[in-house]
file structure.cif (mmCIF, C-alpha atoms and all ligand atoms)
data_model
loop_
_atom_site.label_atom_id
_atom_site.label_comp_id
_atom_site.auth_asym_id
_atom_site.auth_seq_id
_atom_site.Cartn_x
_atom_site.Cartn_y
_atom_site.Cartn_z
CA MET M 1 -95.48 174.54 -56.50
CA ASN M 2 -95.42 177.18 -53.77
CA SER M 3 -92.11 178.64 -52.64
CA GLU M 4 -92.21 177.06 -49.17
CA VAL M 5 -92.51 173.62 -50.73
CA ALA M 6 -89.66 174.43 -53.13
CA SER M 7 -87.51 175.64 -50.24
CA LEU M 8 -88.12 172.51 -48.14
CA ARG M 9 -87.48 170.38 -51.18
CA ALA M 10 -84.06 172.01 -51.63
CA ALA M 11 -83.28 171.57 -47.92
CA LEU M 12 -84.26 167.90 -48.12
CA ARG M 13 -82.01 167.37 -51.11
CA GLU M 14 -79.05 169.19 -49.54
CA SER M 15 -79.24 168.00 -45.91
CA PRO M 16 -76.85 165.14 -45.15
CA ALA M 17 -78.89 163.85 -42.19
CA VAL M 18 -82.67 163.92 -42.30
CA VAL M 19 -85.19 162.53 -39.81
CA ALA M 20 -88.92 162.20 -40.43
CA LEU M 21 -91.19 161.61 -37.42
CA THR M 22 -94.58 160.40 -38.57
CA GLY M 23 -97.91 160.05 -36.81
CA ALA M 24 -101.44 158.86 -37.50
CA GLY M 25 -102.03 161.69 -40.01
CA VAL M 26 -99.85 160.00 -42.66
CA SER M 27 -102.21 157.03 -42.62
CA ALA M 28 -105.40 159.13 -42.60
CA GLU M 29 -105.49 159.19 -46.41
CA SER M 30 -105.36 155.38 -46.33
CA GLY M 31 -108.64 155.46 -44.41
CA ILE M 32 -107.20 154.74 -40.95
CA PRO M 33 -108.75 156.98 -38.27
CA THR M 34 -106.41 159.27 -36.33
CA PHE M 35 -106.51 159.36 -32.52
CA ARG M 36 -107.33 162.99 -31.93
CA GLY M 37 -109.49 165.48 -33.82
CA ALA M 38 -112.44 164.75 -36.09
CA GLY M 39 -113.25 161.04 -36.29
CA GLY M 40 -110.64 160.26 -33.67
CA LEU M 41 -112.98 158.66 -31.18
CA TRP M 42 -114.20 155.07 -30.98
CA ARG M 43 -117.59 154.50 -29.32
CA THR M 44 -117.00 157.82 -27.50
CA PHE M 45 -113.81 156.53 -25.82
CA ARG M 46 -110.68 158.66 -25.98
CA PRO M 47 -107.31 156.93 -26.64
CA GLU M 48 -106.23 157.95 -23.13
CA GLN M 49 -109.09 155.75 -21.80
CA LEU M 50 -108.20 152.66 -23.85
CA ALA M 51 -104.45 152.78 -24.54
CA THR M 52 -103.42 152.20 -20.93
CA PRO M 53 -102.38 149.16 -18.88
CA GLU M 54 -105.09 150.12 -16.37
CA ALA M 55 -107.82 149.96 -19.03
CA PHE M 56 -106.56 146.54 -20.10
CA ALA M 57 -106.45 145.24 -16.53
CA ARG M 58 -110.01 146.51 -15.95
CA ASP M 59 -111.58 145.27 -19.19
CA PRO M 60 -109.27 143.34 -21.55
CA ARG M 61 -112.18 142.42 -23.81
CA LEU M 62 -113.17 146.08 -24.40
CA VAL M 63 -109.57 147.05 -25.18
CA TRP M 64 -109.21 144.08 -27.55
CA GLU M 65 -112.48 145.00 -29.30
CA TRP M 66 -110.95 148.38 -30.11
CA TYR M 67 -107.76 146.77 -31.41
CA ASP M 68 -109.72 144.13 -33.35
CA TRP M 69 -111.74 146.91 -35.03
CA ARG M 70 -108.57 148.82 -35.90
CA ARG M 71 -106.78 145.68 -37.17
CA GLY M 72 -109.70 145.10 -39.55
CA ILE M 73 -109.42 148.62 -40.95
CA ILE M 74 -105.63 148.41 -41.26
CA GLN M 75 -105.74 145.03 -42.99
CA ARG M 76 -108.01 146.47 -45.68
CA ALA M 77 -105.92 149.66 -46.06
CA ALA M 78 -103.02 150.27 -48.44
CA PRO M 79 -100.08 152.69 -48.34
CA ASN M 80 -100.89 156.11 -49.86
CA PRO M 81 -98.71 158.53 -51.86
CA GLY M 82 -97.34 159.99 -48.59
CA HIS M 83 -96.01 156.59 -47.46
CA ARG M 84 -94.62 155.94 -50.93
CA ALA M 85 -92.84 159.33 -51.01
CA LEU M 86 -91.16 158.53 -47.67
CA ALA M 87 -89.95 155.20 -49.06
CA ASP M 88 -88.63 157.03 -52.11
CA ILE M 89 -86.78 159.56 -49.91
CA GLU M 90 -85.15 156.65 -48.04
CA ARG M 91 -84.04 155.04 -51.32
CA ARG M 92 -82.49 158.32 -52.49
CA LYS M 93 -80.80 159.36 -49.26
CA GLY M 94 -79.81 155.93 -47.94
CA ASP M 95 -78.19 156.17 -44.48
CA GLY M 96 -78.76 159.93 -44.55
CA PHE M 97 -82.44 159.35 -43.78
CA THR M 98 -84.09 157.90 -40.70
CA LEU M 99 -87.82 157.27 -40.57
CA VAL M 100 -89.18 157.29 -37.03
CA THR M 101 -92.84 156.44 -36.65
CA GLN M 102 -95.37 156.47 -33.85
CA ASN M 103 -97.68 154.38 -36.02
CA VAL M 104 -98.33 150.72 -35.30
CA ASP M 105 -100.05 149.96 -38.63
CA GLY M 106 -97.04 148.68 -40.61
CA LEU M 107 -97.90 150.79 -43.69
CA HIS M 108 -94.38 152.26 -43.88
CA ASP M 109 -92.98 148.72 -44.18
CA ARG M 110 -95.56 147.88 -46.82
CA ALA M 111 -94.61 151.05 -48.77
CA GLY M 112 -90.97 149.89 -48.87
CA ASN M 113 -89.17 151.57 -45.96
CA ARG M 114 -86.60 149.01 -44.91
CA ARG M 115 -86.26 149.66 -41.21
CA PRO M 116 -88.60 152.29 -39.78
CA VAL M 117 -87.93 153.00 -36.11
CA LYS M 118 -91.20 151.96 -34.44
CA LEU M 119 -91.55 153.89 -31.20
CA HIS M 120 -94.99 152.59 -30.20
CA GLY M 121 -94.76 148.95 -31.30
CA ASP M 122 -96.71 146.94 -33.83
CA ILE M 123 -100.45 146.18 -33.87
CA TRP M 124 -99.79 142.77 -35.49
CA GLN M 125 -97.77 141.56 -32.51
CA THR M 126 -99.18 140.11 -29.32
CA ARG M 127 -97.37 139.65 -26.01
CA CYS M 128 -98.33 137.25 -23.24
CA ILE M 129 -98.71 139.05 -19.93
CA ARG M 130 -97.74 135.82 -18.10
CA CYS M 131 -94.75 134.37 -20.00
CA GLY M 132 -93.77 137.38 -22.15
CA THR M 133 -93.77 135.50 -25.47
CA VAL M 134 -94.11 137.86 -28.45
CA THR M 135 -95.94 136.45 -31.46
CA LEU M 136 -96.95 137.73 -34.87
CA ASN M 137 -100.73 137.42 -35.13
CA ARG M 138 -102.56 138.43 -38.30
CA GLU M 139 -105.96 136.91 -37.48
CA VAL M 140 -108.76 139.33 -38.45
CA PRO M 141 -111.20 139.32 -36.79
CA LEU M 142 -109.82 137.53 -33.76
CA VAL M 143 -111.81 134.39 -33.03
CA LEU M 144 -111.23 134.51 -29.28
CA LEU M 145 -111.60 137.86 -27.53
CA PRO M 146 -109.49 138.44 -25.52
CA PRO M 147 -106.95 136.04 -27.10
CA ARG M 148 -104.90 133.67 -24.92
CA CYS M 149 -101.35 132.30 -25.04
CA PRO M 150 -100.75 128.50 -25.14
CA CYS M 151 -99.48 128.94 -21.54
CA GLY M 152 -102.98 130.08 -20.54
CA GLY M 153 -101.98 133.73 -19.94
CA LEU M 154 -103.82 136.69 -21.47
CA LEU M 155 -102.33 138.13 -24.63
CA ARG M 156 -102.06 141.91 -25.01
CA PRO M 157 -101.36 143.96 -28.13
CA GLY M 158 -97.62 144.46 -28.74
CA VAL M 159 -97.91 148.24 -28.53
CA VAL M 160 -96.81 150.96 -26.10
CA TRP M 161 -99.53 152.35 -23.85
CA PHE M 162 -99.57 155.51 -21.75
CA GLY M 163 -97.28 155.23 -18.74
CA GLU M 164 -95.18 152.51 -20.41
CA SER M 165 -91.59 152.86 -21.56
CA LEU M 166 -90.75 152.91 -25.25
CA PRO M 167 -88.68 149.96 -26.61
CA PRO M 168 -85.13 150.93 -25.52
CA LEU M 169 -83.24 150.11 -28.73
CA GLU M 170 -85.78 151.90 -30.92
CA TRP M 171 -85.72 154.91 -28.63
CA GLN M 172 -81.91 154.98 -28.68
CA ARG M 173 -81.84 154.87 -32.50
CA ALA M 174 -84.39 157.69 -32.66
CA VAL M 175 -82.47 159.88 -30.19
CA GLU M 176 -79.14 159.37 -31.97
CA ALA M 177 -80.60 160.18 -35.38
CA SER M 178 -82.44 163.24 -34.01
CA ARG M 179 -79.31 164.64 -32.34
CA GLN M 180 -77.38 164.29 -35.59
CA ALA M 181 -80.13 165.59 -37.88
CA ASP M 182 -79.71 168.70 -40.05
CA LEU M 183 -83.37 168.57 -41.02
CA PHE M 184 -86.19 167.14 -38.88
CA MET M 185 -89.69 166.79 -40.35
CA LEU M 186 -92.82 166.29 -38.21
CA ILE M 187 -95.42 164.72 -40.46
CA GLY M 188 -99.05 164.01 -39.57
CA THR M 189 -98.61 164.08 -35.82
CA SER M 190 -100.39 166.23 -33.25
CA ALA M 191 -97.03 166.34 -31.41
CA VAL M 192 -98.67 166.08 -27.99
CA VAL M 193 -97.49 162.61 -26.99
CA TYR M 194 -94.12 162.42 -25.28
CA PRO M 195 -91.34 161.35 -25.37
CA ALA M 196 -91.85 161.01 -29.18
CA ALA M 197 -92.65 164.72 -29.71
CA GLY M 198 -89.56 165.60 -27.63
CA LEU M 199 -87.35 164.26 -30.43
CA ALA M 200 -88.13 167.39 -32.45
CA GLU M 201 -87.12 169.57 -29.50
CA MET M 202 -83.91 167.55 -29.09
CA ALA M 203 -83.10 167.92 -32.79
CA HIS M 204 -83.85 171.66 -32.71
CA GLU M 205 -81.59 172.18 -29.68
CA ALA M 206 -78.81 170.31 -31.48
CA GLY M 207 -79.14 172.67 -34.47
CA ALA M 208 -81.56 170.92 -36.85
CA ARG M 209 -83.96 172.90 -39.02
CA ILE M 210 -87.58 171.87 -38.38
CA ALA M 211 -90.45 171.35 -40.82
CA VAL M 212 -94.08 170.57 -39.97
CA ILE M 213 -96.46 168.97 -42.48
CA ASN M 214 -100.02 168.94 -41.14
CA PRO M 215 -103.40 170.46 -42.10
CA GLU M 216 -103.68 171.77 -38.51
CA ARG M 217 -101.27 173.73 -36.35
CA THR M 218 -99.40 171.81 -33.65
CA PRO M 219 -97.71 172.90 -30.40
CA LEU M 220 -94.30 172.50 -32.07
CA CYS M 221 -95.02 174.79 -35.04
CA GLY M 222 -93.18 177.53 -33.14
CA LEU M 223 -89.89 175.67 -33.70
CA ALA M 224 -90.50 175.25 -37.41
CA GLU M 225 -88.83 177.05 -40.29
CA TRP M 226 -91.40 175.46 -42.61
CA THR M 227 -95.05 174.82 -41.76
CA LEU M 228 -96.71 173.24 -44.76
CA GLU M 229 -100.44 173.17 -44.07
CA GLY M 230 -102.00 170.30 -45.96
CA ALA M 231 -102.27 166.57 -46.40
CA ALA M 232 -99.10 164.48 -46.26
CA GLY M 233 -100.17 162.48 -49.32
CA GLU M 234 -100.37 165.67 -51.36
CA ILE M 235 -97.31 167.50 -50.02
CA LEU M 236 -94.70 164.73 -49.65
CA PRO M 237 -94.63 163.69 -53.34
CA ASN M 238 -93.78 167.32 -54.19
CA LEU M 239 -90.68 167.19 -51.99
CA ILE M 240 -88.99 164.65 -54.23
CA SER M 241 -86.94 165.93 -57.11
CA PRO M 242 -87.96 164.44 -60.45
C1 LIG M 301 -102.81 164.85 -41.19
C2 LIG M 301 -103.70 164.38 -42.05
C3 LIG M 301 -103.14 164.23 -43.36
C4 LIG M 301 -104.84 164.47 -40.24
N1 LIG M 301 -101.84 164.55 -43.56
N2 LIG M 301 -101.57 165.19 -41.28
C5 LIG M 301 -94.62 165.09 -20.64
C6 LIG M 301 -95.71 165.90 -20.34
C7 LIG M 301 -96.97 165.34 -20.12
C8 LIG M 301 -97.17 163.97 -20.17
C9 LIG M 301 -96.08 163.18 -20.47
C10 LIG M 301 -94.83 163.73 -20.68
N3 LIG M 301 -93.97 162.72 -20.95
C11 LIG M 301 -94.65 161.55 -20.92
C12 LIG M 301 -95.94 161.81 -20.62
C13 LIG M 301 -97.04 160.82 -20.49
C14 LIG M 301 -97.57 160.33 -21.82
C15 LIG M 301 -97.99 161.52 -22.68
O1 LIG M 301 -97.32 161.93 -23.60
N4 LIG M 301 -99.16 162.09 -22.41
C16 LIG M 301 -99.67 163.25 -23.16
C17 LIG M 301 -100.84 162.82 -24.06
C18 LIG M 301 -100.07 164.31 -22.20
N5 LIG M 301 -96.58 159.51 -22.50
C19 LIG M 301 -96.39 158.23 -22.18
O2 LIG M 301 -97.00 157.70 -21.28
C20 LIG M 301 -95.34 157.47 -22.99
N6 LIG M 301 -94.49 156.75 -22.14
C21 LIG M 301 -93.64 157.34 -21.30
O3 LIG M 301 -93.56 158.55 -21.20
O4 LIG M 301 -92.84 156.45 -20.59
C22 LIG M 301 -92.06 156.95 -19.51
C23 LIG M 301 -92.91 156.82 -18.30
C24 LIG M 301 -93.06 155.59 -17.73
C25 LIG M 301 -93.82 155.47 -16.58
C26 LIG M 301 -94.47 156.59 -16.06
C27 LIG M 301 -94.34 157.80 -16.69
C28 LIG M 301 -93.56 157.93 -17.82
C29 LIG M 301 -95.99 156.43 -23.87
C30 LIG M 301 -96.87 157.00 -24.90
C31 LIG M 301 -97.56 155.87 -25.68
C32 LIG M 301 -98.58 156.39 -26.66
N7 LIG M 301 -99.36 155.30 -27.16
C33 LIG M 301 -100.34 155.53 -28.22
C34 LIG M 301 -101.09 154.18 -28.47
C35 LIG M 301 -100.17 153.23 -29.23
C36 LIG M 301 -100.82 151.95 -29.55
C37 LIG M 301 -102.01 152.10 -30.46
O5 LIG M 301 -101.89 152.53 -31.61
O6 LIG M 301 -103.09 151.78 -29.99
O7 LIG M 301 -99.68 155.96 -29.39
S1 LIG M 301 -101.51 156.84 -27.87
C38 LIG M 301 -101.56 157.44 -29.53
O8 LIG M 301 -100.97 158.76 -29.60
C39 LIG M 301 -100.63 156.53 -30.33
C40 LIG M 301 -99.96 157.49 -31.24
O9 LIG M 301 -98.75 156.93 -31.74
C41 LIG M 301 -99.75 158.68 -30.35
C42 LIG M 301 -99.51 159.97 -31.10
O10 LIG M 301 -100.62 160.33 -31.85
P1 LIG M 301 -100.40 160.92 -33.32
O11 LIG M 301 -99.77 159.92 -34.18
O12 LIG M 301 -99.76 162.24 -33.21
O13 LIG M 301 -101.92 161.03 -33.82
P2 LIG M 301 -103.04 162.17 -33.50
O14 LIG M 301 -104.34 161.56 -33.81
O15 LIG M 301 -102.85 162.75 -32.17
O16 LIG M 301 -102.72 163.31 -34.56
C43 LIG M 301 -102.90 163.14 -35.94
C44 LIG M 301 -102.44 164.40 -36.65
O17 LIG M 301 -102.52 164.18 -38.04
C45 LIG M 301 -103.30 165.64 -36.34
O18 LIG M 301 -102.45 166.71 -35.97
C46 LIG M 301 -103.99 165.94 -37.66
O19 LIG M 301 -104.17 167.33 -37.90
C47 LIG M 301 -103.03 165.34 -38.65
N8 LIG M 301 -103.58 164.92 -39.93
N9 LIG M 301 -104.91 164.15 -41.53
C48 LIG M 301 -101.08 165.02 -42.53
N10 LIG M 301 -103.87 163.77 -44.39
ZN ZN M 302 -97.75 132.84 -22.30
#
call {"tool": "encode", "arguments": {"input": "structure.cif", "output": "C-alpha cells"}}
result
Amino acid sequence: MNSEVASLRAALRESPAVVALTGAGVSAESGIPTFRGAGGLWRTFRPEQLATPEAFARDPRLVWEWYDWRRGIIQRAAPNPGHRALADIERRKGDGFTLVTQNVDGLHDRAGNRRPVKLHGDIWQTRCIRCGTVTLNREVPLVLLPPRCPCGGLLRPGVVWFGESLPPLEWQRAVEASRQADLFMLIGTSAVVYPAAGLAEMAHEAGARIAVINPERTPLCGLAEWTLEGAAGEILPNLISP
C-alpha cells in the first residue's frame, strides 16, 4: 500500500467526523456511465441539454427515453467494492460518518448505507407536474413514454435538474455535516456541479482536511491534502483497517 493511502487510512480512522461526497465515478465500476468524460454522452446529447426543466418542457419523450435507458442499466447493475467499502466505513464510524451523494442510482442503499443524503433525488421516483404526487416506479422499460399520473398530468423523474433547487432537508443535513467535518472526501465526482461541489469548500473553510479519490484531476484538487489517483473500487477497500 502506498504511503498516501496509509496516511488517509489513519486520518479516516482517527477523525471523529467524516463526510464522503460521491459522484457518478463510484458507480462507473458497476457499469453505469458517468456524465462527463469518456462515455459520458448519450446519443451525442450532453447532460446540460437533457437534465433541465426546459428540455423536459420541450420534449418530455426524449428526456424520458434517456432516463428509461439509464434505469435499464441501473436495474441490471450491482454495488461494487467501492460502494461496499463506504457501507463498511459507515458501520464502523456510526454517527461519525455522513455519506452525501449526487447519485440517483440507489446503489449506496443497496450496498447497505442506511441513510445516504441524496442531493439530486432518486431515479426510481416520479413526480406529477400537475398534482405533485411522488411515486416509487420500478417499471423497466416504461410501457408508456412519457408516463402519466392517474390525474392525467405528465410524470417527470424525481431528480434535480439544472436551475432547480436541491431538496431543502437533504441540503441542510449535508451543510451541517460538512461544516462539522474533520475529514471530507470527494470520491468519483468531477466537482463542477454546484452547490454540491461547494460543500467541500465549506468544509475546508471550516477546517476540514480534504481528500480526492479520482483517476482524473478535478478543480478542487488544490484544496486537497490527499489526491489518490485511481478507481474508487480499488482505493476505498484499502482505506478500511483489517
Ligand atoms: C471515477 C471513476 C472510478 C470515473 N472511480 N472516479 C456556480 C457557478 C456556475 C454555475 C452554477 C453555480 N451554482 C449553481 C450553478 C448552476 C448549476 C451548475 O452547477 N452548473 C455547472 C455545471 C456550471 N447548478 C444547478 O443548477 C443546481 N441547482 C442550483 O444551483 O439551484 C439554485 C438555483 C436555482 C435557480 C436558478 C439558479 C440556481 C442543480 C444541479 C443539478 C444537477 N443535476 C444532475 C442530473 C441529476 C439527475 C440525473 O441523474 O439525471 O446531477 S447533472 C449531473 O451532474 C448529475 C450529477 O449528480 C452531477 C455531478 O456529476 P458527477 O457525479 O460529478 O459526475 P461526472 O460525470 O461529472 O464526473 C464523474 C467523475 O468520476 C469524473 O471526474 C471521473 O474522472 C471520475 N471517475 N471513473 C472514481 N472508477
Ligand atoms: Zn397527478
call {"tool": "residues_around", "arguments": {"input": "structure.cif", "residues": "range 110-115 of chain M", "least_positions_apart": "2", "cutoff": "7 Å", "atoms": "only C-alpha atoms", "output": "NGL selection string"}}
result
:M and (79 or 83-84 or 87 or 90 or 106-108 or 117)
call {"tool": "atom_distance", "arguments": {"input": "structure.cif", "atom1": "CA of Pro81 in chain M", "atom2": "CA of Gly96 in chain M"}}
result
21.3 Å
call {"tool": "residues_near_ligand", "arguments": {"input": "structure.cif", "ligand": "ligand ZN 302 (chain M)", "cutoff": "8 Å", "atoms": "only C-alpha atoms and all ligand atoms", "output": "MDAnalysis selection string"}}
result
chainID M and resid 127:133 148:155
call {"tool": "atom_distance", "arguments": {"input": "structure.cif", "atom1": "CA of Ala78 in chain M", "atom2": "CA of Leu199 in chain M"}}
result
27.7 Å
call {"tool": "closest_residue", "arguments": {"input": "structure.cif", "among": "M:Pro116, M:Gly233, M:Pro242, M:Pro167", "to": "ligand LIG 301 (chain M)", "atoms": "only C-alpha atoms and all ligand atoms"}}
result
M:Gly233
call {"tool": "closest_atom_pairs", "arguments": {"input": "structure.cif", "of": "chain M", "to": "ligand LIG 301 (chain M)", "cutoff": "6 Å", "atoms": "all atoms listed in the file", "output": "JSON lines"}}
result
{"residue": "M:Gly23", "atom": "CA", "partner": "M:LIG301", "partner_atom": "O11", "distance": 3.2}
{"residue": "M:Ala24", "atom": "CA", "partner": "M:LIG301", "partner_atom": "O11", "distance": 3.9}
{"residue": "M:Gly25", "atom": "CA", "partner": "M:LIG301", "partner_atom": "O17", "distance": 3.2}
{"residue": "M:Val26", "atom": "CA", "partner": "M:LIG301", "partner_atom": "N1", "distance": 5.0}
{"residue": "M:Ala28", "atom": "CA", "partner": "M:LIG301", "partner_atom": "N9", "distance": 5.2}
{"residue": "M:Glu29", "atom": "CA", "partner": "M:LIG301", "partner_atom": "N10", "distance": 5.3}
{"residue": "M:Thr34", "atom": "CA", "partner": "M:LIG301", "partner_atom": "O14", "distance": 4.0}
{"residue": "M:Phe35", "atom": "CA", "partner": "M:LIG301", "partner_atom": "O14", "distance": 3.3}
{"residue": "M:Arg36", "atom": "CA", "partner": "M:LIG301", "partner_atom": "O14", "distance": 3.8}
{"residue": "M:Pro47", "atom": "CA", "partner": "M:LIG301", "partner_atom": "S1", "distance": 5.9}
{"residue": "M:Ala51", "atom": "CA", "partner": "M:LIG301", "partner_atom": "C34", "distance": 5.4}
{"residue": "M:Gln102", "atom": "CA", "partner": "M:LIG301", "partner_atom": "O9", "distance": 4.0}
{"residue": "M:Asn103", "atom": "CA", "partner": "M:LIG301", "partner_atom": "O9", "distance": 5.1}
{"residue": "M:Val104", "atom": "CA", "partner": "M:LIG301", "partner_atom": "O5", "distance": 5.4}
{"residue": "M:His120", "atom": "CA", "partner": "M:LIG301", "partner_atom": "C35", "distance": 5.3}
{"residue": "M:Val159", "atom": "CA", "partner": "M:LIG301", "partner_atom": "C36", "distance": 4.8}
{"residue": "M:Val160", "atom": "CA", "partner": "M:LIG301", "partner_atom": "C31", "distance": 5.0}
{"residue": "M:Trp161", "atom": "CA", "partner": "M:LIG301", "partner_atom": "C31", "distance": 4.4}
{"residue": "M:Phe162", "atom": "CA", "partner": "M:LIG301", "partner_atom": "O2", "distance": 3.4}
{"residue": "M:Gly163", "atom": "CA", "partner": "M:LIG301", "partner_atom": "O2", "distance": 3.6}
{"residue": "M:Glu164", "atom": "CA", "partner": "M:LIG301", "partner_atom": "O4", "distance": 4.6}
{"residue": "M:Ser165", "atom": "CA", "partner": "M:LIG301", "partner_atom": "O4", "distance": 3.9}
{"residue": "M:Gly188", "atom": "CA", "partner": "M:LIG301", "partner_atom": "N2", "distance": 3.3}
{"residue": "M:Thr189", "atom": "CA", "partner": "M:LIG301", "partner_atom": "O12", "distance": 3.4}
{"residue": "M:Ser190", "atom": "CA", "partner": "M:LIG301", "partner_atom": "O18", "distance": 3.4}
{"residue": "M:Ala191", "atom": "CA", "partner": "M:LIG301", "partner_atom": "O12", "distance": 5.2}
{"residue": "M:Val192", "atom": "CA", "partner": "M:LIG301", "partner_atom": "C17", "distance": 5.5}
{"residue": "M:Val193", "atom": "CA", "partner": "M:LIG301", "partner_atom": "O1", "distance": 3.5}
{"residue": "M:Tyr194", "atom": "CA", "partner": "M:LIG301", "partner_atom": "O1", "distance": 3.6}
{"residue": "M:Pro195", "atom": "CA", "partner": "M:LIG301", "partner_atom": "N3", "distance": 5.3}
{"residue": "M:Asn214", "atom": "CA", "partner": "M:LIG301", "partner_atom": "N2", "distance": 4.1}
{"residue": "M:Pro215", "atom": "CA", "partner": "M:LIG301", "partner_atom": "O19", "distance": 5.3}
{"residue": "M:Glu216", "atom": "CA", "partner": "M:LIG301", "partner_atom": "O19", "distance": 4.5}
{"residue": "M:Ala231", "atom": "CA", "partner": "M:LIG301", "partner_atom": "N1", "distance": 3.5}
{"residue": "M:Ala232", "atom": "CA", "partner": "M:LIG301", "partner_atom": "N1", "distance": 3.8}
call {"tool": "closest_atom_pairs", "arguments": {"input": "structure.cif", "of": "range 103-214 of chain M", "to": "range 56-60 of chain M", "cutoff": "9 Å", "atoms": "all atoms listed in the file", "output": "tab-separated table"}}
result
residue	atom	partner	partner_atom	distance
M:Leu145	CA	M:Pro60	CA	8.4
M:Pro146	CA	M:Pro60	CA	6.3
M:Leu154	CA	M:Pro60	CA	8.6
M:Arg156	CA	M:Phe56	CA	8.1
call {"tool": "atom_distance", "arguments": {"input": "structure.cif", "atom1": "CA of Leu223 in chain M", "atom2": "CA of Ala6 in chain M"}}
result
19.5 Å
call {"tool": "build_atoms", "arguments": {"input": "structure.cif", "residues": "range 134-147 of chain M", "atoms": "N, CA, C and O atoms", "output": "short mmCIF file (atom, residue, chain, number, x, y, z; two decimals), in the frame of the given file"}}
result
data_model
loop_
_atom_site.label_atom_id
_atom_site.label_comp_id
_atom_site.auth_asym_id
_atom_site.auth_seq_id
_atom_site.Cartn_x
_atom_site.Cartn_y
_atom_site.Cartn_z
N VAL M 134 -93.60 136.95 -27.41
CA VAL M 134 -94.11 137.86 -28.45
C VAL M 134 -94.37 137.05 -29.70
O VAL M 134 -93.55 136.26 -30.12
N THR M 135 -95.55 137.23 -30.28
CA THR M 135 -95.94 136.45 -31.46
C THR M 135 -96.53 137.38 -32.51
O THR M 135 -97.19 138.37 -32.18
N LEU M 136 -96.28 137.04 -33.77
CA LEU M 136 -96.95 137.73 -34.87
C LEU M 136 -98.33 137.11 -35.03
O LEU M 136 -98.45 135.89 -35.11
N ASN M 137 -99.36 137.93 -35.04
CA ASN M 137 -100.73 137.42 -35.13
C ASN M 137 -101.51 138.27 -36.12
O ASN M 137 -101.74 139.45 -35.88
N ARG M 138 -101.88 137.67 -37.24
CA ARG M 138 -102.56 138.43 -38.30
C ARG M 138 -104.03 138.04 -38.43
O ARG M 138 -104.67 138.34 -39.43
N GLU M 139 -104.56 137.36 -37.42
CA GLU M 139 -105.96 136.91 -37.48
C GLU M 139 -106.92 138.11 -37.40
O GLU M 139 -106.87 138.89 -36.45
N VAL M 140 -107.77 138.25 -38.42
CA VAL M 140 -108.76 139.33 -38.45
C VAL M 140 -110.09 138.80 -38.93
O VAL M 140 -110.15 138.23 -40.03
N PRO M 141 -111.18 138.89 -38.19
CA PRO M 141 -111.20 139.32 -36.79
C PRO M 141 -110.67 138.19 -35.91
O PRO M 141 -110.62 137.03 -36.32
N LEU M 142 -110.30 138.55 -34.69
CA LEU M 142 -109.82 137.53 -33.76
C LEU M 142 -110.97 136.63 -33.36
O LEU M 142 -112.08 137.11 -33.10
N VAL M 143 -110.73 135.33 -33.35
CA VAL M 143 -111.81 134.39 -33.03
C VAL M 143 -112.12 134.45 -31.53
O VAL M 143 -113.27 134.46 -31.12
N LEU M 144 -111.06 134.50 -30.73
CA LEU M 144 -111.23 134.51 -29.28
C LEU M 144 -110.88 135.90 -28.76
O LEU M 144 -109.79 136.41 -29.01
N LEU M 145 -111.83 136.52 -28.09
CA LEU M 145 -111.60 137.86 -27.53
C LEU M 145 -111.82 137.83 -26.02
O LEU M 145 -112.93 137.52 -25.60
N PRO M 146 -110.87 138.15 -25.17
CA PRO M 146 -109.49 138.44 -25.52
C PRO M 146 -108.72 137.16 -25.85
O PRO M 146 -109.04 136.10 -25.30
N PRO M 147 -107.70 137.24 -26.74
CA PRO M 147 -106.95 136.04 -27.10
C PRO M 147 -106.05 135.56 -25.96
O PRO M 147 -105.70 136.34 -25.08
#
